[in-house]
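entry14.csv (CSV, C-alpha atoms) appears below.
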```csv
chain,number,residue,atom,x,y,z
P,5,MET,CA,-39.4,47.3,11.1
P,6,THR,CA,-35.9,48.8,11.2
P,7,LEU,CA,-34.8,46.1,8.8
P,8,ALA,CA,-37.2,47.5,6.3
P,9,THR,CA,-35.6,51.0,6.3
P,10,PRO,CA,-32.7,50.3,4.0
P,11,ASP,CA,-35.1,49.0,1.3
P,12,VAL,CA,-37.1,52.1,1.4
P,13,ASP,CA,-34.0,54.2,1.1
P,14,ARG,CA,-32.8,52.2,-1.8
P,15,GLU,CA,-36.2,52.5,-3.5
P,16,ILE,CA,-36.1,56.3,-3.1
P,17,ARG,CA,-32.5,56.5,-4.3
P,18,ASP,CA,-33.5,54.5,-7.4
P,19,GLN,CA,-36.2,57.0,-8.2
P,20,THR,CA,-33.8,60.0,-7.8
P,21,THR,CA,-31.4,59.0,-10.5
P,22,PRO,CA,-30.7,61.9,-12.8
P,23,GLU,CA,-33.2,61.0,-15.6
P,24,HIS,CA,-35.7,63.2,-13.7
P,25,PRO,CA,-33.8,66.4,-12.9
P,26,SER,CA,-36.9,68.5,-12.6
P,27,LEU,CA,-38.6,66.4,-10.0
P,28,TRP,CA,-39.6,67.6,-6.6
P,29,GLN,CA,-40.1,65.9,-3.2
P,30,THR,CA,-42.4,66.1,-0.3
P,31,VAL,CA,-40.5,65.7,2.9
P,32,VAL,CA,-42.0,65.0,6.3
P,33,TRP,CA,-40.0,66.2,9.3
P,34,ASN,CA,-39.8,65.0,12.8
P,35,ASP,CA,-41.6,66.8,15.6
P,36,PRO,CA,-42.0,65.9,19.2
P,37,VAL,CA,-45.8,66.1,19.2
P,38,ASN,CA,-47.2,63.7,16.7
P,39,LEU,CA,-47.9,60.2,17.8
P,40,MET,CA,-46.1,57.4,15.9
P,41,SER,CA,-49.4,55.5,15.6
P,42,TYR,CA,-51.1,58.5,14.1
P,43,VAL,CA,-48.2,59.2,11.6
P,44,VAL,CA,-48.4,55.6,10.4
P,45,HIS,CA,-52.2,55.9,10.0
P,46,VAL,CA,-51.9,59.0,8.0
P,47,PHE,CA,-49.2,57.5,5.7
P,48,ARG,CA,-51.3,54.4,5.1
P,49,SER,CA,-54.6,56.2,4.6
P,50,TYR,CA,-53.4,59.1,2.5
P,51,PHE,CA,-50.7,57.5,0.4
P,52,GLY,CA,-52.1,54.0,0.5
P,53,PHE,CA,-48.8,52.6,1.7
P,54,SER,CA,-48.6,49.2,3.2
P,55,ALA,CA,-48.3,48.9,7.0
P,56,ALA,CA,-44.7,47.9,6.6
P,57,ARG,CA,-43.8,50.8,4.3
P,58,ALA,CA,-45.7,53.4,6.4
P,59,THR,CA,-44.0,52.2,9.5
P,60,ALA,CA,-40.6,52.3,7.9
P,61,LEU,CA,-41.1,55.8,6.7
P,62,MET,CA,-42.4,56.9,10.2
P,63,MET,CA,-39.3,55.4,11.8
P,64,ASP,CA,-37.1,57.3,9.3
P,65,VAL,CA,-38.9,60.5,10.3
P,66,HIS,CA,-38.5,59.6,14.0
P,67,GLU,CA,-34.9,58.5,13.9
P,68,ARG,CA,-33.3,60.4,11.1
P,69,GLY,CA,-35.4,63.5,11.4
P,70,HIS,CA,-37.1,63.3,8.1
P,71,ALA,CA,-38.3,61.1,5.3
P,72,VAL,CA,-39.2,61.6,1.6
P,73,VAL,CA,-42.8,60.5,1.3
P,74,ALA,CA,-43.4,61.4,-2.4
P,75,GLN,CA,-41.6,62.6,-5.6
P,76,GLY,CA,-43.0,64.1,-8.7
P,77,PRO,CA,-44.1,67.4,-10.3
P,78,ARG,CA,-43.9,70.5,-8.0
P,79,GLU,CA,-47.7,71.1,-8.0
P,80,GLN,CA,-48.4,67.6,-6.9
P,81,MET,CA,-45.8,67.8,-4.2
P,82,GLU,CA,-47.4,71.0,-2.9
P,83,LEU,CA,-50.8,69.2,-2.7
P,84,HIS,CA,-49.2,66.4,-0.7
P,85,ALA,CA,-47.6,68.9,1.6
P,86,GLN,CA,-50.9,70.7,2.0
P,87,ALA,CA,-52.5,67.4,2.9
P,88,MET,CA,-49.8,66.6,5.4
P,89,HIS,CA,-50.3,70.0,7.0
P,90,ASP,CA,-54.1,69.2,7.2
P,91,TYR,CA,-53.1,66.2,9.3
P,92,GLY,CA,-50.9,68.3,11.5
P,93,LEU,CA,-47.6,66.9,10.1
P,94,TRP,CA,-44.7,69.2,9.3
P,95,ALA,CA,-44.0,68.8,5.6
P,96,THR,CA,-41.9,70.8,3.1
P,97,VAL,CA,-41.4,70.8,-0.6
P,98,ARG,CA,-38.0,70.8,-2.3
P,99,ARG,CA,-36.1,69.9,-5.4
P,100,ILE,CA,-34.6,66.5,-5.4
P,101,PRO,CA,-31.1,67.1,-3.9
P,102,LYS,CA,-28.3,66.6,-6.5
V,13,MET,CA,-62.7,52.1,7.1
V,14,THR,CA,-64.7,55.4,6.5
V,15,ASP,CA,-67.9,53.4,6.6
V,16,SER,CA,-67.4,52.2,10.1
V,17,ALA,CA,-68.6,53.9,13.2
V,18,LEU,CA,-66.4,54.3,16.3
V,19,ILE,CA,-67.9,54.3,19.8
V,20,LEU,CA,-65.9,56.3,22.3
V,21,THR,CA,-67.1,55.8,25.8
V,22,VAL,CA,-66.3,58.8,28.1
V,23,SER,CA,-67.5,60.3,31.3
V,24,ARG,CA,-69.9,63.2,31.0
V,25,MET,CA,-67.3,65.3,32.7
V,26,GLU,CA,-64.6,64.3,30.2
V,27,ALA,CA,-67.0,65.1,27.3
V,28,GLN,CA,-67.6,68.5,28.8
V,29,GLN,CA,-63.9,69.2,29.2
V,30,LEU,CA,-63.2,68.0,25.6
V,31,ALA,CA,-65.9,70.3,24.3
V,32,ASP,CA,-64.5,73.3,26.2
V,33,LEU,CA,-61.1,72.6,24.8
V,34,VAL,CA,-62.4,72.2,21.2
V,35,ALA,CA,-64.5,75.4,21.6
V,36,GLN,CA,-61.3,77.3,22.7
V,37,PHE,CA,-59.5,75.9,19.7
V,38,SER,CA,-62.3,77.0,17.4
V,39,GLU,CA,-62.2,80.5,18.9
V,40,LEU,CA,-58.4,80.6,18.2
V,41,LEU,CA,-59.1,79.8,14.5
V,42,GLU,CA,-62.1,82.0,14.2
V,43,PRO,CA,-60.5,85.3,13.1
V,44,HIS,CA,-58.3,83.5,10.5
V,45,ALA,CA,-60.8,81.1,9.0
V,46,VAL,CA,-63.2,83.6,7.4
V,47,PRO,CA,-63.2,85.0,3.9
V,48,ASP,CA,-61.7,88.4,4.8
V,49,ALA,CA,-59.1,86.9,7.1
V,50,THR,CA,-56.2,88.9,5.6
V,51,SER,CA,-57.7,92.0,7.1
V,52,SER,CA,-58.0,90.5,10.6
V,53,GLY,CA,-54.3,90.0,11.5
V,54,ASP,CA,-51.5,87.9,10.4
V,55,ALA,CA,-51.9,84.3,11.3
V,56,THR,CA,-48.1,83.7,11.4
V,57,ALA,CA,-47.8,86.2,14.3
V,58,ASP,CA,-49.1,83.5,16.6
V,59,PRO,CA,-46.5,80.6,16.7
V,60,ALA,CA,-49.3,78.1,17.4
V,61,LEU,CA,-51.2,79.2,14.3
V,62,ALA,CA,-48.0,79.2,12.4
V,63,ARG,CA,-47.4,75.6,13.4
V,64,LEU,CA,-50.9,74.7,12.2
V,65,ALA,CA,-50.1,76.1,8.8
V,66,PRO,CA,-46.4,75.3,8.4
V,67,ASN,CA,-44.0,76.8,5.8
V,68,PRO,CA,-43.3,74.3,3.1
V,69,TYR,CA,-40.5,76.4,1.6
V,70,PRO,CA,-38.2,77.3,4.6
V,71,ASP,CA,-35.4,78.3,2.2
V,72,ASP,CA,-37.5,80.3,-0.3
V,73,ASP,CA,-39.5,83.2,1.2
V,74,GLU,CA,-41.2,84.1,-2.1
V,75,ALA,CA,-42.5,80.6,-2.7
V,76,ALA,CA,-43.5,80.4,1.0
V,77,ALA,CA,-45.5,83.6,0.8
V,78,GLU,CA,-47.2,82.5,-2.4
V,79,PHE,CA,-48.1,79.1,-0.9
V,80,HIS,CA,-49.5,80.6,2.2
V,81,GLU,CA,-51.4,83.3,0.3
V,82,ALA,CA,-53.0,80.5,-1.7
V,83,THR,CA,-53.7,78.0,0.9
V,84,ARG,CA,-53.5,79.1,4.5
V,85,ARG,CA,-57.1,80.5,4.9
V,86,ASP,CA,-58.6,77.4,3.4
V,87,LEU,CA,-56.5,75.2,5.6
V,88,LEU,CA,-57.6,77.0,8.8
V,89,GLU,CA,-61.2,76.9,7.5
V,90,ARG,CA,-61.0,73.1,7.2
V,91,ARG,CA,-59.6,73.0,10.7
V,92,GLN,CA,-62.6,75.1,11.8
V,93,ASN,CA,-65.0,72.7,10.1
V,94,ASP,CA,-63.3,69.7,11.7
V,95,ALA,CA,-63.6,71.4,15.2
V,96,LEU,CA,-67.3,72.1,14.6
V,97,ARG,CA,-67.9,68.5,13.6
V,98,VAL,CA,-66.3,67.3,16.8
V,99,LEU,CA,-68.3,69.7,18.8
V,100,ALA,CA,-71.5,68.4,17.1
V,101,ASP,CA,-70.5,64.8,18.0
V,102,LEU,CA,-69.9,65.9,21.6
V,103,ALA,CA,-73.1,68.0,22.0
V,104,PRO,CA,-75.5,65.2,23.0
V,105,SER,CA,-73.4,64.2,25.9
V,106,PHE,CA,-73.9,67.3,28.0
V,107,ALA,CA,-77.1,68.7,26.8
V,108,SER,CA,-79.1,68.3,30.0
V,109,GLY,CA,-82.7,67.4,29.4
V,110,ASP,CA,-82.0,66.4,25.8
V,111,PRO,CA,-84.9,64.2,24.8
V,112,ASN,CA,-82.6,62.1,22.7
V,113,ASP,CA,-80.4,61.2,25.6
V,114,PRO,CA,-81.0,57.5,26.1
V,115,ASP,CA,-79.9,57.6,29.7
V,116,PRO,CA,-79.6,61.0,31.3
V,117,ALA,CA,-78.6,59.7,34.7
V,118,ALA,CA,-75.6,57.7,33.4
V,119,ASP,CA,-72.1,58.9,34.4
V,120,THR,CA,-70.7,57.8,31.0
V,121,ILE,CA,-71.8,58.3,27.5
V,122,ASP,CA,-71.1,56.5,24.2
V,123,LEU,CA,-70.0,59.0,21.6
V,124,VAL,CA,-70.7,57.8,18.1
V,125,ILE,CA,-68.1,58.9,15.6
V,126,GLU,CA,-69.2,58.0,12.1
V,127,GLY,CA,-67.4,57.8,8.8
V,128,ASP,CA,-65.2,60.8,8.0
V,129,ALA,CA,-65.8,62.3,11.4
V,130,GLY,CA,-63.0,60.0,12.6
V,131,TRP,CA,-60.6,62.1,10.6
V,132,ALA,CA,-62.2,65.3,11.9
V,133,TRP,CA,-61.5,64.0,15.4
V,134,MET,CA,-58.0,62.9,14.8
V,135,ARG,CA,-57.0,66.1,13.0
V,136,THR,CA,-58.6,68.2,15.7
V,137,LEU,CA,-57.0,66.4,18.6
V,138,THR,CA,-53.7,66.5,16.8
V,139,ALA,CA,-54.1,70.3,16.2
V,140,ILE,CA,-55.0,70.9,19.8
V,141,ARG,CA,-51.9,69.0,21.0
V,142,LEU,CA,-49.8,71.1,18.5
V,143,VAL,CA,-51.2,74.3,20.0
V,144,ILE,CA,-50.6,73.2,23.6
V,145,ALA,CA,-47.1,72.0,22.7
V,146,THR,CA,-46.3,75.4,21.1
V,147,ARG,CA,-47.6,77.3,24.2
V,148,LEU,CA,-45.7,75.0,26.5
V,149,GLY,CA,-42.5,75.2,24.4
V,150,ILE,CA,-42.3,71.5,24.0
V,151,SER,CA,-39.4,71.1,21.5
V,152,GLY,CA,-37.9,67.7,22.2
V,153,GLU,CA,-39.0,64.1,22.8
V,154,ASP,CA,-37.7,64.2,26.4
V,155,ASP,CA,-38.9,67.5,27.6
V,156,ASP,CA,-39.7,67.2,31.3
V,157,HIS,CA,-43.3,67.6,32.2
V,158,ASP,CA,-43.9,70.0,35.0
V,159,PRO,CA,-46.4,68.2,37.2
V,160,GLN,CA,-47.6,71.6,38.5
V,161,ASP,CA,-48.7,72.7,35.1
V,162,ASP,CA,-52.2,71.2,34.2
V,163,ARG,CA,-51.6,71.8,30.5
V,164,PHE,CA,-49.1,68.9,30.4
V,165,ALA,CA,-51.9,66.6,31.8
V,166,VAL,CA,-54.3,67.9,29.2
V,167,TYR,CA,-51.6,67.3,26.5
V,168,ASP,CA,-51.1,63.7,27.6
V,169,TRP,CA,-54.8,63.1,28.0
V,170,ILE,CA,-55.6,64.3,24.4
V,171,GLY,CA,-52.7,62.1,23.2
V,172,PHE,CA,-54.2,59.1,25.0
V,173,ARG,CA,-57.6,59.7,23.4
V,174,LEU,CA,-56.1,60.3,19.9
V,175,ASP,CA,-54.0,57.1,20.1
V,176,GLY,CA,-57.2,55.2,21.1
V,177,ILE,CA,-59.1,56.5,18.1
V,178,VAL,CA,-56.2,55.7,15.7
V,179,ARG,CA,-55.9,52.1,17.1
V,180,ALA,CA,-59.6,51.6,16.9
V,181,LEU,CA,-59.7,52.7,13.2
V,182,GLU,CA,-56.6,50.7,12.3
V,183,THR,CA,-58.3,47.6,13.7
V,184,ALA,CA,-61.5,48.3,11.8
V,185,ASP,CA,-59.5,48.9,8.7
```

As a first step, turn the structure in this file into structure tokens.
Amino acid sequence: MTLATPDVDREIRDQTTPEHPSLWQTVVWNDPVNLMSYVVHVFRSYFGFSAARATALMMDVHERGHAVVAQGPREQMELHAQAMHDYGLWATVRRIPK
Amino acid sequence: MTDSALILTVSRMEAQQLADLVAQFSELLEPHAVPDATSSGDATADPALARLAPNPYPDDDEAAAEFHEATRRDLLERRQNDALRVLADLAPSFASGDPNDPDPAADTIDLVIEGDAGWAWMRTLTAIRLVIATRLGISGEDDDHDPQDDRFAVYDWIGFRLDGIVRALETAD
């Protein structure tokens, strides 16, 4: 599963190229409480990610401290953050870093 | 996945303890999950409640305030509804003399968690662990568990039950 992580990063970097300067991100942050199995289950169920992608994102959260789980218009990113909060995950919304 | 029913076999004593815990959680939410919640105290004053409704804009106080104003009460209300659903699922297990109880003398009971109730259970158990972790000051992966403090045992027990439900639903998926 750690082998999958660089691909996910590459995918995210590709989406962050400057053609979309006004886009925002939903970021999920690591916390010591949430179970890995639960975080993967949430990512799969809510975002519809594959098991591999959900697991790679969870590992990013766990090992690097955070992961970008979605990008797009601000309102939509706020809805995602709200949903993550419902699940007990710690999520923030930010502009795509330059 | 949401169409499947999950059977959770627990002892009656465990069901009772779970119900006590969920009821306490519900009481914690109560003052903040009602329509006039703004007049009954600031939810962020309690770090546990603040963790249940995190700040999505840590670097922008104005945006954070707007977001919380618009969403916090609804979020805590959804948590309250989740907790009540879990309590309803637990109710048959300790209602003594319940005519629907198939086997009142049994030590264990099969809790039936149907459809979306699975999420109500997972979200509620997660939220209870977040509250306990906040109260205990758990802030890192390797925090030592004080064996004298029963709350650590409760924290681990709820984690065990949550993990079991997640795995059962993943398998059914």

Return the neighbours of chain P among the residues of chain V, cut-off 8 Å, counting only C-alpha atoms, as a ChimeraX atom specification.
-> /V:64-70,83,87,90-91,135,138-139,141-142,145,150-153,171,174-175,178-179,182

Output C-alpha atoms of each residue in that selection to a file, as a PDB file, keeping the file's coordinate frame.
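To be explicit, this is the file written out as again.pdb:
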```pdb
ATOM      1  CA  LEU V  64     -50.900  74.700  12.200  1.00  0.00           C
ATOM      2  CA  ALA V  65     -50.100  76.100   8.800  1.00  0.00           C
ATOM      3  CA  PRO V  66     -46.400  75.300   8.400  1.00  0.00           C
ATOM      4  CA  ASN V  67     -44.000  76.800   5.800  1.00  0.00           C
ATOM      5  CA  PRO V  68     -43.300  74.300   3.100  1.00  0.00           C
ATOM      6  CA  TYR V  69     -40.500  76.400   1.600  1.00  0.00           C
ATOM      7  CA  PRO V  70     -38.200  77.300   4.600  1.00  0.00           C
ATOM      8  CA  THR V  83     -53.700  78.000   0.900  1.00  0.00           C
ATOM      9  CA  LEU V  87     -56.500  75.200   5.600  1.00  0.00           C
ATOM     10  CA  ARG V  90     -61.000  73.100   7.200  1.00  0.00           C
ATOM     11  CA  ARG V  91     -59.600  73.000  10.700  1.00  0.00           C
ATOM     12  CA  ARG V 135     -57.000  66.100  13.000  1.00  0.00           C
ATOM     13  CA  THR V 138     -53.700  66.500  16.800  1.00  0.00           C
ATOM     14  CA  ALA V 139     -54.100  70.300  16.200  1.00  0.00           C
ATOM     15  CA  ARG V 141     -51.900  69.000  21.000  1.00  0.00           C
ATOM     16  CA  LEU V 142     -49.800  71.100  18.500  1.00  0.00           C
ATOM     17  CA  ALA V 145     -47.100  72.000  22.700  1.00  0.00           C
ATOM     18  CA  ILE V 150     -42.300  71.500  24.000  1.00  0.00           C
ATOM     19  CA  SER V 151     -39.400  71.100  21.500  1.00  0.00           C
ATOM     20  CA  GLY V 152     -37.900  67.700  22.200  1.00  0.00           C
ATOM     21  CA  GLU V 153     -39.000  64.100  22.800  1.00  0.00           C
ATOM     22  CA  GLY V 171     -52.700  62.100  23.200  1.00  0.00           C
ATOM     23  CA  LEU V 174     -56.100  60.300  19.900  1.00  0.00           C
ATOM     24  CA  ASP V 175     -54.000  57.100  20.100  1.00  0.00           C
ATOM     25  CA  VAL V 178     -56.200  55.700  15.700  1.00  0.00           C
ATOM     26  CA  ARG V 179     -55.900  52.100  17.100  1.00  0.00           C
ATOM     27  CA  GLU V 182     -56.600  50.700  12.300  1.00  0.00           C
TER      28      GLU V 182
END
```

Considering only C-alpha atoms, state which residue in the set V:Phe37, V:Arg147, V:Trp169, V:Ser16 is at the smallest distance from Gln92 of chain V.
->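 Between V:Phe37, V:Arg147, V:Trp169, V:Ser16, the residue approaching Gln92 of chain V most closely is V:Phe37.
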
Contacts of segment 42-46 of chain V within 6 Å, all atoms listed in the file, excl. fewer than 4 positions in-chain, as a list in words |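 Counting all atoms listed in the file, the residues come to Ser38, Arg85, Leu88 and Glu89 of chain V.
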
Can those selected residues be exported to a file as a CSV table (one decimal), in the coordinates of the input so that it contains C-alpha atoms?
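Contents of result.csv, as written:
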```csv
chain,number,residue,atom,x,y,z
V,38,SER,CA,-62.3,77.0,17.4
V,85,ARG,CA,-57.1,80.5,4.9
V,88,LEU,CA,-57.6,77.0,8.8
V,89,GLU,CA,-61.2,76.9,7.5
```

Atom CA of Gln29 of chain P to atom CA of Met81 of chain P, straight-line distance in Å |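 Computing it gives 6.1 Å between the two atoms.
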
Counting only C-alpha atoms, the residue of V:Leu61, V:Ala132, V:Leu148, V:Val166 that sits nearest Arg97 of chain V =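 For Arg97 of chain V, the nearest of the given residues is V:Ala132.
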